[in-house]
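A short worksheet on the structure shown next.
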Amino acid sequence: MITFPGEADEAHPKFKRKCDDLFVEHTLSLTKALCGFQFVLTHLDNRQLLIKSQPGEVVKPGMQMYQRPFMKGKLYIHFTVDFLDSLSPEQCKALEAVLPPKPSKDMTNVMSTSKKR
């Protein structure tokens, strides 16, 4: 819990504290998670921190990044990635062209879930 002088013990709406470290959550689009992003995070003392990744540096769901501003503790950013609800067949083909191939599994030995009578 982060408190401010002269105020009641109220939780901060954006940051959570654990010992000397701060934790914050940030949501990224799937495109930004895969192709790079940058955003400004306003710290508790109103400093503006530029948070960014390079194109091709993939941010995975739940991944945490940290910086050490003035060695006072670590700032952890927990990323949530917004995935698409659906893709068109054309979008699937475009992704399959650039992503690693799907593993092929032999389905001949898989038993049917329906019971034979």
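Identifiers for the structure tokens are assigned positionally: chains receive A, B, ... in sequence, residues are indexed from 1 per chain, and ligands are indexed from 1 in the order shown.
Around A:Ser53, within 10 Å and counting only C-alpha atoms, the residues found are Lys32, Ala33, Leu34, Cys35, Gly36, Phe37, Gln38, Phe39 and Val59 of chain A, once anything fewer than 6 positions away on its own chain is removed.
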If we count only C-alpha atoms, what is near A:Thr27 at a cut-off of 8 Å, once residues fewer than 3 positions away on the same chain are taken out, given as a PDB file with N, CA and C atoms, in the first residue's frame?
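Once written, selection.pdb looks like this:
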ATOM      1  N   PHE A  79       2.717  -6.506 -17.943  1.00  0.00           N
ATOM      2  CA  PHE A  79       2.002  -6.243 -19.185  1.00  0.00           C
ATOM      3  C   PHE A  79       0.877  -7.246 -19.395  1.00  0.00           C
ATOM      4  N   THR A  80      -0.266  -6.719 -19.773  1.00  0.00           N
ATOM      5  CA  THR A  80      -1.388  -7.532 -20.220  1.00  0.00           C
ATOM      6  C   THR A  80      -1.517  -7.283 -21.715  1.00  0.00           C
ATOM      7  N   VAL A  81      -1.638  -8.345 -22.497  1.00  0.00           N
ATOM      8  CA  VAL A  81      -1.747  -8.201 -23.944  1.00  0.00           C
ATOM      9  C   VAL A  81      -3.190  -8.458 -24.356  1.00  0.00           C
ATOM     10  N   ASP A  82      -3.761  -7.493 -25.091  1.00  0.00           N
ATOM     11  CA  ASP A  82      -5.110  -7.641 -25.625  1.00  0.00           C
ATOM     12  C   ASP A  82      -5.042  -8.460 -26.915  1.00  0.00           C
TER      13      ASP A  82
END
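Shortest separation to A:Gly73 among A:Lys105, A:Phe23, A:Ala97, A:Ser29 occurs at residue A:Phe23, atoms counted being only C-alpha atoms.
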Contact residues around A:Leu44 with only C-alpha atoms at 12 Å, ignoring same-chain residues under 2 positions, as number ranges by chain = A: 2-4, 12-17, 22-24, 41-42, 46-49, 69, 75
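The shortest atom-to-atom distance to A:Glu25, with only C-alpha atoms taken into account, belongs to A:His78 out of A:Lys93, A:Ser104, A:His78, A:Leu84.
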ask   = Got a sec to tell me which of stretch 7-103 of chain A DSSP assigns to alpha helix (DSSP H), as a ChimeraX atom specification?
value = /A:30-35,89-98
Based on the selection just made, write N, CA, C and O atoms of those residues as a PDB file, in the first residue's frame.
ATOM      1  N   LEU A  30      -1.937  -6.409 -29.205  1.00  0.00           N
ATOM      2  CA  LEU A  30      -1.125  -7.514 -29.711  1.00  0.00           C
ATOM      3  C   LEU A  30      -0.061  -6.983 -30.679  1.00  0.00           C
ATOM      4  O   LEU A  30       1.091  -7.414 -30.641  1.00  0.00           O
ATOM      5  N   THR A  31      -0.434  -6.022 -31.513  1.00  0.00           N
ATOM      6  CA  THR A  31       0.518  -5.444 -32.464  1.00  0.00           C
ATOM      7  C   THR A  31       1.690  -4.796 -31.738  1.00  0.00           C
ATOM      8  O   THR A  31       2.848  -5.005 -32.098  1.00  0.00           O
ATOM      9  N   LYS A  32       1.407  -4.019 -30.701  1.00  0.00           N
ATOM     10  CA  LYS A  32       2.487  -3.378 -29.944  1.00  0.00           C
ATOM     11  C   LYS A  32       3.347  -4.410 -29.225  1.00  0.00           C
ATOM     12  O   LYS A  32       4.569  -4.266 -29.148  1.00  0.00           O
ATOM     13  N   ALA A  33       2.724  -5.459 -28.690  1.00  0.00           N
ATOM     14  CA  ALA A  33       3.486  -6.495 -27.996  1.00  0.00           C
ATOM     15  C   ALA A  33       4.445  -7.215 -28.945  1.00  0.00           C
ATOM     16  O   ALA A  33       5.542  -7.599 -28.550  1.00  0.00           O
ATOM     17  N   LEU A  34       4.045  -7.378 -30.204  1.00  0.00           N
ATOM     18  CA  LEU A  34       4.874  -8.095 -31.175  1.00  0.00           C
ATOM     19  C   LEU A  34       5.845  -7.191 -31.933  1.00  0.00           C
ATOM     20  O   LEU A  34       6.927  -7.624 -32.317  1.00  0.00           O
ATOM     21  N   CYS A  35       5.446  -5.932 -32.167  1.00  0.00           N
ATOM     22  CA  CYS A  35       6.202  -5.078 -33.089  1.00  0.00           C
ATOM     23  C   CYS A  35       6.899  -3.897 -32.421  1.00  0.00           C
ATOM     24  O   CYS A  35       7.530  -3.103 -33.105  1.00  0.00           O
ATOM     25  N   PRO A  89      -9.746 -15.415 -42.660  1.00  0.00           N
ATOM     26  CA  PRO A  89      -8.850 -16.394 -43.287  1.00  0.00           C
ATOM     27  C   PRO A  89      -7.608 -15.733 -43.904  1.00  0.00           C
ATOM     28  O   PRO A  89      -6.513 -16.286 -43.840  1.00  0.00           O
ATOM     29  N   GLU A  90      -7.768 -14.539 -44.435  1.00  0.00           N
ATOM     30  CA  GLU A  90      -6.635 -13.831 -45.031  1.00  0.00           C
ATOM     31  C   GLU A  90      -5.622 -13.430 -43.958  1.00  0.00           C
ATOM     32  O   GLU A  90      -4.411 -13.527 -44.156  1.00  0.00           O
ATOM     33  N   GLN A  91      -6.117 -12.986 -42.802  1.00  0.00           N
ATOM     34  CA  GLN A  91      -5.225 -12.620 -41.709  1.00  0.00           C
ATOM     35  C   GLN A  91      -4.482 -13.853 -41.184  1.00  0.00           C
ATOM     36  O   GLN A  91      -3.296 -13.773 -40.863  1.00  0.00           O
ATOM     37  N   CYS A  92      -5.167 -14.986 -41.110  1.00  0.00           N
ATOM     38  CA  CYS A  92      -4.517 -16.234 -40.676  1.00  0.00           C
ATOM     39  C   CYS A  92      -3.383 -16.604 -41.624  1.00  0.00           C
ATOM     40  O   CYS A  92      -2.288 -16.967 -41.181  1.00  0.00           O
ATOM     41  N   LYS A  93      -3.630 -16.512 -42.921  1.00  0.00           N
ATOM     42  CA  LYS A  93      -2.595 -16.848 -43.903  1.00  0.00           C
ATOM     43  C   LYS A  93      -1.401 -15.909 -43.787  1.00  0.00           C
ATOM     44  O   LYS A  93      -0.251 -16.337 -43.883  1.00  0.00           O
ATOM     45  N   ALA A  94      -1.672 -14.612 -43.559  1.00  0.00           N
ATOM     46  CA  ALA A  94      -0.579 -13.641 -43.425  1.00  0.00           C
ATOM     47  C   ALA A  94       0.257 -13.948 -42.186  1.00  0.00           C
ATOM     48  O   ALA A  94       1.494 -13.883 -42.231  1.00  0.00           O
ATOM     49  N   LEU A  95      -0.393 -14.306 -41.082  1.00  0.00           N
ATOM     50  CA  LEU A  95       0.343 -14.652 -39.861  1.00  0.00           C
ATOM     51  C   LEU A  95       1.140 -15.940 -40.036  1.00  0.00           C
ATOM     52  O   LEU A  95       2.281 -16.042 -39.591  1.00  0.00           O
ATOM     53  N   GLU A  96       0.528 -16.936 -40.672  1.00  0.00           N
ATOM     54  CA  GLU A  96       1.232 -18.202 -40.894  1.00  0.00           C
ATOM     55  C   GLU A  96       2.471 -18.006 -41.759  1.00  0.00           C
ATOM     56  O   GLU A  96       3.438 -18.746 -41.633  1.00  0.00           O
ATOM     57  N   ALA A  97       2.465 -16.970 -42.606  1.00  0.00           N
ATOM     58  CA  ALA A  97       3.613 -16.706 -43.476  1.00  0.00           C
ATOM     59  C   ALA A  97       4.805 -16.147 -42.692  1.00  0.00           C
ATOM     60  O   ALA A  97       5.949 -16.333 -43.103  1.00  0.00           O
ATOM     61  N   VAL A  98       4.556 -15.484 -41.559  1.00  0.00           N
ATOM     62  CA  VAL A  98       5.657 -14.857 -40.822  1.00  0.00           C
ATOM     63  C   VAL A  98       5.966 -15.526 -39.477  1.00  0.00           C
ATOM     64  O   VAL A  98       7.053 -15.360 -38.940  1.00  0.00           O
TER      65      VAL A  98
END
Residue set, stretch 4-48 of chain A restricted to strand (DSSP E or B), as a ChimeraX atom specification = /A:15-18,21-29,37-42,48
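Straight-line separation from atom CA of A:Ala11 to atom CA of A:Lys52: 26.9 Å.
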note = From atom CA of A:Ile77 to atom CA of A:Cys19 the spacing works out at 15.7 Å
